[in-house]
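Colleague: Just one file: run.cif, with mmCIF, C-alpha atoms and all ligand atoms.
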data_model
loop_
_atom_site.label_atom_id
_atom_site.label_comp_id
_atom_site.auth_asym_id
_atom_site.auth_seq_id
_atom_site.Cartn_x
_atom_site.Cartn_y
_atom_site.Cartn_z
CA MET A 1 -22.71 29.01 63.89
CA SER A 2 -19.46 27.00 64.16
CA GLU A 3 -16.08 28.55 63.38
CA LEU A 4 -15.84 26.31 60.34
CA HIS A 5 -19.06 27.59 58.77
CA ARG A 6 -18.54 31.27 59.55
CA THR A 7 -17.81 33.55 56.59
CA ARG A 8 -14.82 35.70 57.45
CA ARG A 9 -14.80 39.25 56.15
CA THR A 10 -11.65 40.66 54.75
CA ASP A 11 -10.59 43.32 52.25
CA VAL A 12 -8.78 41.16 49.71
CA VAL A 13 -8.75 37.40 49.14
CA ILE A 14 -5.66 36.25 47.24
CA ILE A 15 -5.85 32.82 45.62
CA GLY A 16 -2.45 31.16 45.27
CA ALA A 17 0.75 31.48 47.30
CA GLY A 18 3.35 31.45 44.57
CA ILE A 19 5.56 34.49 44.14
CA LEU A 20 2.76 36.65 42.69
CA GLY A 21 0.23 35.86 45.41
CA ALA A 22 2.93 36.40 48.03
CA ALA A 23 4.13 39.71 46.53
CA ALA A 24 0.53 40.92 46.26
CA ALA A 25 -0.10 39.93 49.88
CA PHE A 26 2.94 41.88 51.03
CA HIS A 27 2.15 45.07 49.12
CA LEU A 28 -1.55 45.04 50.03
CA ALA A 29 -0.99 44.22 53.71
CA GLU A 30 1.75 46.83 53.95
CA ALA A 31 -0.73 49.38 52.58
CA GLY A 32 -3.10 48.52 55.43
CA HIS A 33 -5.56 46.13 53.74
CA ARG A 34 -6.84 43.05 55.52
CA VAL A 35 -5.57 40.20 53.37
CA ALA A 36 -6.32 36.46 53.33
CA VAL A 37 -4.15 34.24 51.13
CA LEU A 38 -5.70 30.88 50.27
CA GLU A 39 -3.28 28.26 48.96
CA ARG A 40 -4.33 24.82 47.74
CA GLY A 41 -1.17 23.07 48.97
CA ALA A 42 2.03 24.20 50.61
CA PRO A 43 3.12 27.68 49.45
CA ASN A 44 5.78 27.97 46.74
CA ARG A 45 5.53 24.41 45.45
CA GLU A 46 4.52 25.09 41.84
CA GLY A 47 5.95 27.47 39.21
CA SER A 48 7.63 29.71 41.78
CA GLY A 49 9.39 26.89 43.60
CA THR A 50 10.58 25.13 40.44
CA THR A 51 11.63 28.20 38.45
CA ALA A 52 15.12 29.02 37.23
CA GLY A 53 14.94 32.24 39.26
CA ASN A 54 16.59 34.46 36.66
CA LEU A 55 15.98 38.19 36.74
CA HIS A 56 15.69 38.88 33.03
CA ILE A 57 16.43 42.56 32.57
CA GLN A 58 17.94 42.70 29.10
CA GLY A 59 15.60 41.78 26.24
CA ILE A 60 14.56 38.15 26.31
CA HIS A 61 14.79 35.63 23.50
CA THR A 62 11.50 35.54 21.66
CA ARG A 63 10.59 31.85 21.80
CA ARG A 64 10.92 28.89 24.12
CA PRO A 65 11.77 25.76 22.15
CA GLY A 66 8.46 24.50 20.75
CA GLN A 67 6.64 27.76 21.42
CA ASP A 68 4.38 28.81 18.54
CA VAL A 69 3.84 32.51 19.21
CA PRO A 70 6.93 34.67 19.72
CA VAL A 71 7.11 36.92 22.76
CA ASP A 72 6.85 40.65 22.01
CA SER A 73 10.17 41.26 23.73
CA GLU A 74 10.19 44.99 22.86
CA ARG A 75 6.96 45.44 24.86
CA PHE A 76 8.52 43.67 27.83
CA LEU A 77 11.44 46.06 28.19
CA PRO A 78 9.84 48.99 30.10
CA LEU A 79 8.36 46.40 32.45
CA GLN A 80 11.76 44.74 32.90
CA ARG A 81 13.33 48.11 33.71
CA ALA A 82 10.62 48.85 36.27
CA ALA A 83 10.97 45.36 37.77
CA SER A 84 14.76 45.74 37.93
CA GLU A 85 14.48 48.93 39.99
CA ARG A 86 12.20 47.17 42.44
CA TRP A 87 14.41 44.09 42.78
CA SER A 88 17.21 46.40 43.97
CA THR A 89 15.29 47.16 47.15
CA VAL A 90 13.50 43.85 47.72
CA GLU A 91 15.83 42.47 50.40
CA LYS A 92 15.70 45.69 52.38
CA ARG A 93 11.92 45.99 52.11
CA LEU A 94 11.37 42.39 53.14
CA ASP A 95 14.19 42.44 55.70
CA ALA A 96 15.40 39.12 54.29
CA ASP A 97 18.39 37.60 52.51
CA VAL A 98 17.04 35.97 49.33
CA GLU A 99 20.47 35.39 47.74
CA LEU A 100 19.78 38.23 45.35
CA ARG A 101 22.70 38.48 42.96
CA ARG A 102 23.10 41.00 40.19
CA GLY A 103 26.17 39.51 38.49
CA GLY A 104 25.10 40.74 35.06
CA GLY A 105 24.42 38.64 32.02
CA PHE A 106 25.46 37.88 28.45
CA MET A 107 23.12 37.12 25.61
CA VAL A 108 25.11 35.39 22.91
CA ALA A 109 24.73 35.01 19.14
CA GLU A 110 26.25 32.25 17.03
CA THR A 111 25.07 33.32 13.55
CA ALA A 112 25.03 36.55 11.53
CA GLU A 113 21.25 36.62 11.71
CA GLN A 114 21.34 36.32 15.48
CA GLU A 115 23.96 39.06 15.64
CA ASN A 116 21.54 41.34 13.77
CA GLU A 117 18.89 40.49 16.32
CA LEU A 118 21.26 41.58 19.06
CA HIS A 119 21.67 44.96 17.31
CA GLU A 120 17.91 45.43 17.05
CA LYS A 121 17.41 44.35 20.65
CA ARG A 122 20.04 46.84 21.78
CA GLU A 123 18.14 49.70 20.10
CA TRP A 124 14.97 48.68 21.91
CA GLU A 125 16.88 48.50 25.19
CA ARG A 126 18.32 51.94 24.64
CA ALA A 127 14.82 53.32 23.99
CA ALA A 128 13.55 51.66 27.18
CA GLY A 129 16.41 53.07 29.27
CA ILE A 130 18.16 49.74 29.89
CA ALA A 131 21.95 49.94 29.59
CA THR A 132 23.44 47.13 27.51
CA GLU A 133 26.73 46.84 25.66
CA LEU A 134 27.31 45.15 22.35
CA LEU A 135 30.45 42.97 22.35
CA THR A 136 32.31 41.02 19.71
CA GLY A 137 32.87 37.35 20.45
CA ASP A 138 36.48 38.06 21.48
CA GLN A 139 35.44 40.89 23.80
CA ALA A 140 32.85 38.62 25.41
CA ARG A 141 35.50 35.89 25.85
CA GLU A 142 37.86 38.40 27.48
CA TRP A 143 35.18 38.96 30.13
CA LEU A 144 34.12 35.32 30.32
CA PRO A 145 36.83 33.01 28.90
CA LEU A 146 34.50 30.03 29.42
CA LEU A 147 32.53 31.06 26.31
CA SER A 148 33.26 28.96 23.23
CA ASP A 149 34.71 30.21 19.96
CA ARG A 150 31.31 29.73 18.36
CA VAL A 151 30.07 32.89 20.10
CA ARG A 152 30.45 35.61 17.46
CA ALA A 153 28.77 38.46 19.39
CA ALA A 154 26.99 39.15 22.65
CA THR A 155 25.16 41.81 24.57
CA TRP A 156 26.05 42.46 28.17
CA CYS A 157 23.66 43.83 30.79
CA ALA A 158 24.97 44.51 34.29
CA LEU A 159 21.47 44.25 35.77
CA ASP A 160 20.66 40.63 34.92
CA GLY A 161 20.64 38.44 37.97
CA TYR A 162 19.16 35.74 40.12
CA ALA A 163 17.23 35.34 43.35
CA ASN A 164 16.84 32.06 45.19
CA PRO A 165 13.31 30.82 44.41
CA LEU A 166 13.21 28.84 47.64
CA LEU A 167 13.74 32.03 49.66
CA ILE A 168 11.94 34.89 47.93
CA THR A 169 8.32 33.67 48.10
CA PRO A 170 8.60 32.65 51.77
CA ALA A 171 10.23 36.05 52.46
CA TYR A 172 7.28 37.86 50.84
CA LEU A 173 4.81 35.75 52.83
CA ALA A 174 6.66 36.31 56.11
CA ALA A 175 6.72 40.07 55.51
CA ALA A 176 3.02 40.03 54.58
CA PHE A 177 2.30 38.10 57.79
CA ARG A 178 4.17 40.72 59.83
CA HIS A 179 1.81 43.29 58.30
CA GLY A 180 -1.19 41.26 59.40
CA ALA A 181 -1.93 39.09 56.34
CA GLN A 182 -3.38 35.64 57.02
CA VAL A 183 -1.91 32.79 55.01
CA HIS A 184 -4.02 29.62 54.81
CA ALA A 185 -2.05 26.72 53.35
CA PHE A 186 -3.80 23.49 52.28
CA THR A 187 -6.92 25.54 51.59
CA PRO A 188 -8.04 24.88 48.01
CA VAL A 189 -10.57 27.33 46.65
CA THR A 190 -13.56 25.27 45.58
CA GLY A 191 -16.16 27.91 44.77
CA ILE A 192 -16.53 31.65 44.20
CA ASP A 193 -19.90 33.42 44.43
CA ARG A 194 -20.43 36.95 43.23
CA VAL A 195 -22.57 38.85 45.75
CA VAL A 196 -23.57 42.49 46.20
CA GLY A 197 -20.36 44.43 46.83
CA GLY A 198 -17.90 41.64 46.12
CA TYR A 199 -17.30 37.92 46.31
CA VAL A 200 -17.60 35.01 48.69
CA VAL A 201 -14.75 32.56 48.24
CA HIS A 202 -15.24 29.01 49.50
CA SER A 203 -12.84 26.28 50.50
CA GLY A 204 -14.95 23.31 51.47
CA ASP A 205 -16.89 24.38 54.55
CA ARG A 206 -14.99 27.61 55.07
CA SER A 207 -15.58 30.91 53.30
CA TRP A 208 -14.20 34.42 53.07
CA SER A 209 -16.04 37.48 51.76
CA ALA A 210 -14.24 40.46 50.26
CA PRO A 211 -14.85 43.24 47.76
CA VAL A 212 -11.65 42.23 45.96
CA VAL A 213 -10.35 38.85 44.83
CA VAL A 214 -6.87 38.41 43.31
CA ASN A 215 -6.60 35.27 41.20
CA ALA A 216 -2.88 34.43 41.33
CA ALA A 217 -3.30 30.69 40.80
CA GLY A 218 -0.53 30.47 38.18
CA PRO A 219 -1.16 27.63 35.72
CA TRP A 220 -4.59 27.14 37.32
CA ILE A 221 -5.79 30.74 36.80
CA GLY A 222 -8.30 29.51 34.21
CA GLU A 223 -9.70 26.86 36.57
CA VAL A 224 -10.07 29.34 39.42
CA ALA A 225 -11.65 31.96 37.14
CA ALA A 226 -14.14 29.31 36.00
CA LEU A 227 -15.29 28.94 39.62
CA ALA A 228 -16.47 32.56 39.34
CA GLY A 229 -18.12 31.86 35.97
CA ILE A 230 -15.32 33.54 34.03
CA ALA A 231 -13.89 31.84 30.95
CA LEU A 232 -10.21 32.79 30.59
CA GLU A 233 -8.03 31.46 27.82
CA MET A 234 -4.95 30.33 29.72
CA ALA A 235 -3.21 26.99 29.56
CA PRO A 236 -0.58 25.31 31.71
CA VAL A 237 2.74 24.67 30.02
CA VAL A 238 5.39 22.45 31.61
CA ILE A 239 9.09 23.19 31.11
CA GLN A 240 12.21 21.64 32.54
CA MET A 241 15.42 22.50 34.35
CA HIS A 242 18.75 20.73 34.78
CA ALA A 243 21.24 21.10 37.65
CA THR A 244 24.85 19.91 37.73
CA VAL A 245 26.69 18.84 40.85
CA ARG A 246 28.17 21.63 42.99
CA VAL A 247 31.54 22.95 41.92
CA PRO A 248 33.73 25.79 43.23
CA PRO A 249 32.79 29.24 41.85
CA VAL A 250 33.47 29.39 38.09
CA MET A 251 31.10 32.07 36.81
CA ARG A 252 28.91 34.73 38.34
CA HIS A 253 27.10 35.82 35.20
CA LEU A 254 23.91 34.64 33.56
CA VAL A 255 24.45 33.38 30.01
CA GLN A 256 21.55 33.31 27.56
CA HIS A 257 21.15 32.72 23.82
CA ILE A 258 19.34 35.15 21.51
CA GLY A 259 18.27 32.50 19.00
CA GLU A 260 17.16 29.67 21.22
CA GLY A 261 15.87 29.34 24.74
CA MET A 262 18.95 28.86 26.93
CA SER A 263 19.97 30.11 30.33
CA VAL A 264 22.98 29.02 32.36
CA LYS A 265 24.22 30.32 35.69
CA GLN A 266 25.97 29.13 38.82
CA VAL A 267 23.91 29.49 41.98
CA THR A 268 25.23 30.34 45.42
CA ALA A 269 25.39 26.66 46.44
CA GLY A 270 27.73 25.95 43.49
CA ASN A 271 25.41 24.03 41.13
CA LEU A 272 25.11 25.19 37.54
CA LEU A 273 21.47 25.53 36.52
CA ILE A 274 20.71 24.95 32.87
CA GLY A 275 17.33 25.79 31.37
CA GLY A 276 15.70 28.05 28.82
CA GLY A 277 12.10 26.93 28.62
CA TRP A 278 12.56 23.54 27.01
CA PRO A 279 9.28 21.59 27.16
CA ALA A 280 8.82 18.76 29.64
CA ARG A 281 6.41 15.93 28.98
CA PRO A 282 2.98 16.90 30.22
CA VAL A 283 1.55 14.03 32.19
CA THR A 284 -1.83 15.51 33.05
CA THR A 285 -3.85 18.45 31.90
CA ALA A 286 -3.45 19.88 35.41
CA GLY A 287 0.04 21.01 34.52
CA ARG A 288 1.97 18.13 36.10
CA GLY A 289 4.90 17.10 33.97
CA THR A 290 7.90 14.86 33.91
CA ALA A 291 11.30 15.28 32.28
CA SER A 292 11.60 14.87 28.54
CA MET A 293 14.72 13.07 27.32
CA ALA A 294 14.64 15.02 24.05
CA SER A 295 14.67 18.35 25.92
CA LEU A 296 17.38 17.12 28.27
CA THR A 297 19.71 16.19 25.42
CA GLY A 298 18.76 19.26 23.35
CA ASN A 299 19.20 21.78 26.16
CA LEU A 300 22.46 20.24 27.42
CA ALA A 301 23.97 19.95 23.93
CA GLN A 302 23.21 23.60 23.27
CA ALA A 303 24.58 24.72 26.65
CA CYS A 304 27.79 22.69 26.14
CA ARG A 305 28.20 24.24 22.68
CA VAL A 306 28.22 27.73 24.21
CA LEU A 307 29.99 26.84 27.49
CA PRO A 308 32.12 23.73 26.74
CA PHE A 309 33.33 23.31 30.35
CA LEU A 310 29.80 22.12 31.22
CA ALA A 311 30.49 18.85 29.36
CA GLY A 312 32.90 17.88 32.16
CA LEU A 313 30.30 18.22 34.92
CA ARG A 314 27.96 15.55 36.18
CA LEU A 315 24.23 16.16 36.03
CA LEU A 316 22.65 15.93 39.47
CA ARG A 317 18.97 16.58 38.94
CA VAL A 318 16.32 17.27 36.31
CA TRP A 319 12.88 18.61 37.12
CA ALA A 320 9.75 19.90 35.43
CA GLY A 321 7.73 22.91 36.53
CA PRO A 322 4.44 24.43 35.39
CA LEU A 323 3.82 27.92 34.16
CA ALA A 324 0.78 29.79 32.92
CA ALA A 325 0.77 30.63 29.24
CA THR A 326 -1.52 33.12 27.54
CA PRO A 327 -2.21 32.63 23.82
CA ASP A 328 -0.17 35.78 23.05
CA GLU A 329 2.65 34.81 25.47
CA MET A 330 2.29 38.12 27.31
CA PRO A 331 1.68 38.60 31.03
CA VAL A 332 -1.85 39.14 32.28
CA ILE A 333 -2.66 41.66 34.99
CA GLY A 334 -5.76 43.67 35.79
CA GLU A 335 -9.49 43.47 36.46
CA VAL A 336 -11.75 41.16 34.49
CA PRO A 337 -14.19 43.31 32.51
CA GLY A 338 -17.73 42.93 33.84
CA HIS A 339 -16.49 41.52 37.16
CA PRO A 340 -15.64 44.49 39.38
CA GLY A 341 -13.03 43.65 41.99
CA PHE A 342 -11.99 40.37 40.34
CA LEU A 343 -8.29 40.80 39.51
CA VAL A 344 -5.99 38.39 37.72
CA ALA A 345 -2.18 38.33 37.82
CA GLY A 346 0.03 35.84 36.03
CA GLY A 347 1.51 34.75 32.74
CA THR A 348 5.06 34.65 31.54
CA TYR A 349 8.18 35.79 33.43
CA ALA A 350 6.15 36.31 36.59
CA PHE A 351 9.28 35.69 38.66
CA THR A 352 11.09 38.69 37.20
CA PHE A 353 7.93 40.82 37.30
CA ALA A 354 6.80 39.86 40.83
CA PRO A 355 7.85 43.06 42.65
CA LEU A 356 6.29 45.17 39.90
CA TRP A 357 3.06 43.15 39.75
CA GLY A 358 2.79 43.23 43.56
CA GLU A 359 2.97 47.00 43.51
CA THR A 360 0.62 47.16 40.52
CA LEU A 361 -2.02 45.12 42.32
CA ARG A 362 -1.74 47.42 45.33
CA ALA A 363 -2.35 50.42 43.05
CA LEU A 364 -5.31 48.75 41.30
CA VAL A 365 -6.98 47.91 44.61
CA ALA A 366 -6.49 51.49 45.84
CA GLY A 367 -7.80 52.90 42.55
CA ASP A 368 -4.40 54.52 41.89
CA ARG A 369 -2.59 54.69 38.59
CA PRO A 370 -0.35 51.58 38.20
CA PRO A 371 3.42 52.22 38.18
CA GLU A 372 3.59 51.16 34.49
CA PRO A 373 0.85 51.28 31.83
CA ILE A 374 -0.84 47.87 31.67
CA ASP A 375 -4.01 48.51 29.66
CA ASP A 376 -2.89 46.12 26.92
CA LEU A 377 -2.10 43.37 29.45
CA GLY A 378 -5.54 43.12 31.05
CA PRO A 379 -7.49 39.85 31.19
CA GLY A 380 -10.17 41.29 28.88
CA ARG A 381 -8.18 40.03 25.90
CA LEU A 382 -8.46 36.48 27.24
CA THR A 383 -12.13 36.39 28.16
CA ARG A 384 -15.19 35.28 26.39
CA ARG A 385 -17.89 37.70 27.56
CA THR A 386 -19.52 36.13 30.61
CA GLU A 387 -21.94 37.28 33.27
CA THR A 388 -21.76 35.80 36.73
CA PRO A 389 -25.19 35.52 38.32
CA LEU A 390 -25.43 37.54 41.50
CA ARG A 391 -26.05 35.24 44.47
CA LYS A 392 -28.16 36.13 47.48
CA GLY A 393 -26.08 37.85 50.14
CA SER A 394 -23.78 40.81 50.28
CA CYS A 395 -20.24 41.65 51.05
CA PRO A 396 -20.18 44.44 53.62
CA ARG A 397 -16.84 46.09 54.17
C1 LIG B 401 11.14 25.62 35.08
C2 LIG B 401 10.75 27.08 35.06
C3 LIG B 401 11.72 28.04 34.85
C4 LIG B 401 11.35 29.39 34.87
N1 LIG B 401 12.33 30.35 34.77
C5 LIG B 401 12.01 31.65 34.94
C6 LIG B 401 13.04 32.63 35.06
O1 LIG B 401 14.22 32.31 35.03
N2 LIG B 401 12.67 33.93 35.22
C7 LIG B 401 11.35 34.31 35.25
O2 LIG B 401 11.08 35.50 35.36
N3 LIG B 401 10.36 33.39 35.17
C8 LIG B 401 10.67 32.08 35.05
N4 LIG B 401 9.69 31.14 35.03
C9 LIG B 401 8.30 31.59 35.16
C10 LIG B 401 8.01 31.97 36.61
O3 LIG B 401 8.73 31.19 37.51
C11 LIG B 401 6.54 31.82 36.88
O4 LIG B 401 5.87 32.63 35.93
C12 LIG B 401 6.16 32.29 38.28
O5 LIG B 401 6.90 31.63 39.28
C13 LIG B 401 4.69 32.05 38.49
O6 LIG B 401 4.32 32.52 39.75
P1 LIG B 401 2.81 32.53 40.17
O7 LIG B 401 2.76 33.00 41.58
O8 LIG B 401 2.02 33.27 39.16
O9 LIG B 401 2.33 31.00 40.04
P2 LIG B 401 2.73 29.69 40.89
O10 LIG B 401 4.06 29.82 41.53
O11 LIG B 401 2.51 28.52 40.02
O12 LIG B 401 1.67 29.72 42.07
C14 LIG B 401 0.30 29.51 41.86
C15 LIG B 401 -0.25 28.93 43.15
O13 LIG B 401 -1.67 28.85 43.06
C16 LIG B 401 -2.07 27.71 43.78
N5 LIG B 401 -3.42 27.30 43.39
C17 LIG B 401 -3.83 26.78 42.21
N6 LIG B 401 -5.14 26.50 42.25
C18 LIG B 401 -5.59 26.87 43.47
C19 LIG B 401 -6.85 26.81 44.13
N7 LIG B 401 -7.94 26.31 43.54
N8 LIG B 401 -6.93 27.27 45.40
C20 LIG B 401 -5.85 27.78 46.04
N9 LIG B 401 -4.61 27.84 45.47
C21 LIG B 401 -4.50 27.38 44.20
C22 LIG B 401 -1.02 26.65 43.41
O14 LIG B 401 -1.01 25.59 44.34
C23 LIG B 401 0.24 27.50 43.42
O15 LIG B 401 0.91 27.45 44.67
C24 LIG B 401 10.00 29.78 35.03
C25 LIG B 401 9.02 28.80 35.25
C26 LIG B 401 9.39 27.46 35.27
C27 LIG B 401 8.34 26.42 35.55
#
Let's see the structure in the file written out as structure tokens.
Modeller:
Amino acid sequence: MSELHRTRRTDVVIIGAGILGAAAAFHLAEAGHRVAVLERGAPNREGSGTTAGNLHIQGIHTRRPGQDVPVDSERFLPLQRAASERWSTVEKRLDADVELRRGGGFMVAETAEQENELHEKREWERAAGIATELLTGDQAREWLPLLSDRVRAATWCALDGYANPLLITPAYLAAAFRHGAQVHAFTPVTGIDRVVGGYVVHSGDRSWSAPVVVNAAGPWIGEVAALAGIALEMAPVVIQMHATVRVPPVMRHLVQHIGEGMSVKQVTAGNLLIGGGWPARPVTTAGRGTASMASLTGNLAQACRVLPFLAGLRLLRVWAGPLAATPDEMPVIGEVPGHPGFLVAGGTYAFTFAPLWGETLRALVAGDRPPEPIDDLGPGRLTRRTETPLRKGSCPR
């Protein structure tokens, strides 16, 4: 049988080489599993390469502009704390510089109602063990004089930060490779058969068999699950980012808004990145989008209201990136009920959660208790009950 038609045996097949697939590959390979990562295109070209790259550790705002269902930001907090701890050691573990910066962050309020939300958020943070400080507008301006007079209150969290999205996923993949993982770029998964003891995953003429499959296909999780006969309710959403020209260092903090999606920070290269989940114009149902003028003007007007100096900077670039949204806007991680060994990882804020989800997937594969409780985040809530017919063949270890 030719090399092309041979089914390769491995322990885990990971579908998708964004940050989640890469983090899973690292943690699983480090634990001694044979891992094959199958990526449709070049790694890190989709959500993980177009992301804002913020490490959201204080409570997040509850809605992106245009988002129907609010995020349960209280539920996120223990996960954010656990992710924060893991980000602190990422560069050492991967032996890589990923421009990790923990410059801290403000979340600002402009109205009395938003100020009340900051108070409530702070109580949740306290309960979750995340240290934040409540500041008046003047106190916040003492720390960051660039903030406008419209800011009437803010919370401050020293743990908020940023990692360079163009560095972290490649660093995970390189570290996984050093531990023996195989990374196959330009290898789209085209079929998944359930067989005795596991799955056979096909890409054209080539196939891999493994007892465990990790579906980390980001916005295409639903499509990939469908190849295994699993109906998952997940939809691609396309949001956009704006970058100014490079300027000398002016601020090292992340600035967010409690009432509306907004995030602003200066990256190491000097550009100011402005985002906050504003919708781009979806061009295709496959999650490809293009910039929306309405979001551009809305996001920039809001950012200039909070940080007026931005109005003096030239805009260099606007881009749209896809992310995977669940109907309840919560992450999804765990095994699909009725499909032993078929794991799914994705959903919102996967950049922040990547080190935690990587470790969680390692624990799930080993049959260990995950580092944080995730029972409510499993894919069971997104499935319509399906049975995949067992194909002839088996999946020996
Ligand atoms: C503009 C923007 C800003 C964001 N800002 C933040 C932020 O500041 N902080 C934060 O925490 N989160 C943020 N997010 C969300 C976060 O970036 C994403 O949730 C995360 O990067 C998703 O990672 P992933 O690995 O799950 O998916 P992706 O990075 O999208 O990777 C999925 C991969 O699967 C591959 N694939 C798909 N189908 C197949 C197939 N059939 N076969 C093989 N491979 C396949 C794709 O090619 C892709 O490479 C943002 C997202 C966007 C778009």
Colleague: Check which residues fall inside 6 Å of ligand LIG 401 (chain B) when counting only C-alpha atoms and all ligand atoms, and print them as a PDB file with C-alpha atoms, in the frame of the given file.
Modeller:
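Writing done, so here's out-v7.pdb:
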ATOM      1  CA  ILE A  15      -5.850  32.820  45.620  1.00  0.00           C
ATOM      2  CA  GLY A  16      -2.450  31.160  45.270  1.00  0.00           C
ATOM      3  CA  ALA A  17       0.750  31.480  47.300  1.00  0.00           C
ATOM      4  CA  GLY A  18       3.350  31.450  44.570  1.00  0.00           C
ATOM      5  CA  ILE A  19       5.560  34.490  44.140  1.00  0.00           C
ATOM      6  CA  LEU A  20       2.760  36.650  42.690  1.00  0.00           C
ATOM      7  CA  GLY A  21       0.230  35.860  45.410  1.00  0.00           C
ATOM      8  CA  LEU A  38      -5.700  30.880  50.270  1.00  0.00           C
ATOM      9  CA  GLU A  39      -3.280  28.260  48.960  1.00  0.00           C
ATOM     10  CA  ARG A  40      -4.330  24.820  47.740  1.00  0.00           C
ATOM     11  CA  GLY A  41      -1.170  23.070  48.970  1.00  0.00           C
ATOM     12  CA  PRO A  43       3.120  27.680  49.450  1.00  0.00           C
ATOM     13  CA  ASN A  44       5.780  27.970  46.740  1.00  0.00           C
ATOM     14  CA  ARG A  45       5.530  24.410  45.450  1.00  0.00           C
ATOM     15  CA  GLU A  46       4.520  25.090  41.840  1.00  0.00           C
ATOM     16  CA  GLY A  47       5.950  27.470  39.210  1.00  0.00           C
ATOM     17  CA  SER A  48       7.630  29.710  41.780  1.00  0.00           C
ATOM     18  CA  THR A  50      10.580  25.130  40.440  1.00  0.00           C
ATOM     19  CA  THR A  51      11.630  28.200  38.450  1.00  0.00           C
ATOM     20  CA  ALA A  52      15.120  29.020  37.230  1.00  0.00           C
ATOM     21  CA  GLY A  53      14.940  32.240  39.260  1.00  0.00           C
ATOM     22  CA  ASN A  54      16.590  34.460  36.660  1.00  0.00           C
ATOM     23  CA  LEU A  55      15.980  38.190  36.740  1.00  0.00           C
ATOM     24  CA  PRO A 188      -8.040  24.880  48.010  1.00  0.00           C
ATOM     25  CA  VAL A 189     -10.570  27.330  46.650  1.00  0.00           C
ATOM     26  CA  ALA A 216      -2.880  34.430  41.330  1.00  0.00           C
ATOM     27  CA  ALA A 217      -3.300  30.690  40.800  1.00  0.00           C
ATOM     28  CA  GLY A 218      -0.530  30.470  38.180  1.00  0.00           C
ATOM     29  CA  PRO A 219      -1.160  27.630  35.720  1.00  0.00           C
ATOM     30  CA  TRP A 220      -4.590  27.140  37.320  1.00  0.00           C
ATOM     31  CA  VAL A 224     -10.070  29.340  39.420  1.00  0.00           C
ATOM     32  CA  ILE A 239       9.090  23.190  31.110  1.00  0.00           C
ATOM     33  CA  GLN A 240      12.210  21.640  32.540  1.00  0.00           C
ATOM     34  CA  MET A 241      15.420  22.500  34.350  1.00  0.00           C
ATOM     35  CA  ALA A 320       9.750  19.900  35.430  1.00  0.00           C
ATOM     36  CA  GLY A 321       7.730  22.910  36.530  1.00  0.00           C
ATOM     37  CA  PRO A 322       4.440  24.430  35.390  1.00  0.00           C
ATOM     38  CA  LEU A 323       3.820  27.920  34.160  1.00  0.00           C
ATOM     39  CA  GLY A 346       0.030  35.840  36.030  1.00  0.00           C
ATOM     40  CA  GLY A 347       1.510  34.750  32.740  1.00  0.00           C
ATOM     41  CA  THR A 348       5.060  34.650  31.540  1.00  0.00           C
ATOM     42  CA  TYR A 349       8.180  35.790  33.430  1.00  0.00           C
ATOM     43  CA  ALA A 350       6.150  36.310  36.590  1.00  0.00           C
ATOM     44  CA  PHE A 351       9.280  35.690  38.660  1.00  0.00           C
ATOM     45  CA  THR A 352      11.090  38.690  37.200  1.00  0.00           C
TER      46      THR A 352
END
Colleague: Could you please determine the separation between CA of Pro308 in chain A and CA of Trp278 in chain A in Å, to one decimal place?
Modeller: 19.6 Å
Colleague: Just checking: using only C-alpha atoms, which residue out of A:Val237, A:Ala127, A:Val69, A:Ile14 ends up closest to Asp328 in chain A?
Modeller: A:Val69
Colleague: I need the residue nearest Gly367 in chain A from this list: A:Gly191, A:Pro249, A:Pro379, A:Gly334. Use only C-alpha atoms for the distance.
Modeller: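 Result for the nearest residue to Gly367 in chain A: A:Gly334.
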Colleague: Kindly provide the residues of range 149-176 of chain A that approach range 128-142 of chain A to within 10 Å, each paired with its closest atom pair and their distance in Å to one decimal, based on only C-alpha atoms, listed by chain and increasing number, as a tab-separated table.
Modeller:
residue	atom	partner	partner_atom	distance
A:Asp149	CA	A:Gly137	CA	7.4
A:Arg150	CA	A:Gly137	CA	8.1
A:Val151	CA	A:Gly137	CA	5.3
A:Arg152	CA	A:Gly137	CA	4.2
A:Ala153	CA	A:Gly137	CA	4.4
A:Ala154	CA	A:Leu135	CA	5.2
A:Thr155	CA	A:Leu134	CA	4.6
A:Trp156	CA	A:Glu133	CA	5.1
A:Cys157	CA	A:Thr132	CA	4.7
A:Ala158	CA	A:Thr132	CA	7.4
A:Leu159	CA	A:Ala131	CA	8.4
Colleague: Pick from A:His339, A:His253, A:Arg314, A:Lys92: nearest to Val213 in chain A, with all atoms listed in the file counted?
Modeller: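 For Val213 in chain A, the nearest of the given residues is A:His339.
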Colleague: Which residue out of A:Leu300, A:Leu273, A:Leu313, A:Ile258 has the minimum interatomic distance to Glu120 in chain A when all atoms listed in the file are used?
Modeller: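 Residue with the minimum atom-to-atom distance to Glu120 in chain A: A:Ile258.
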Colleague: Compare A:Val37, A:Ala185, A:Met107, A:Leu146 by their minimum atom-to-atom distance to Arg122 in chain A, counting only C-alpha atoms, and give me the closest one.
Modeller: A:Met107
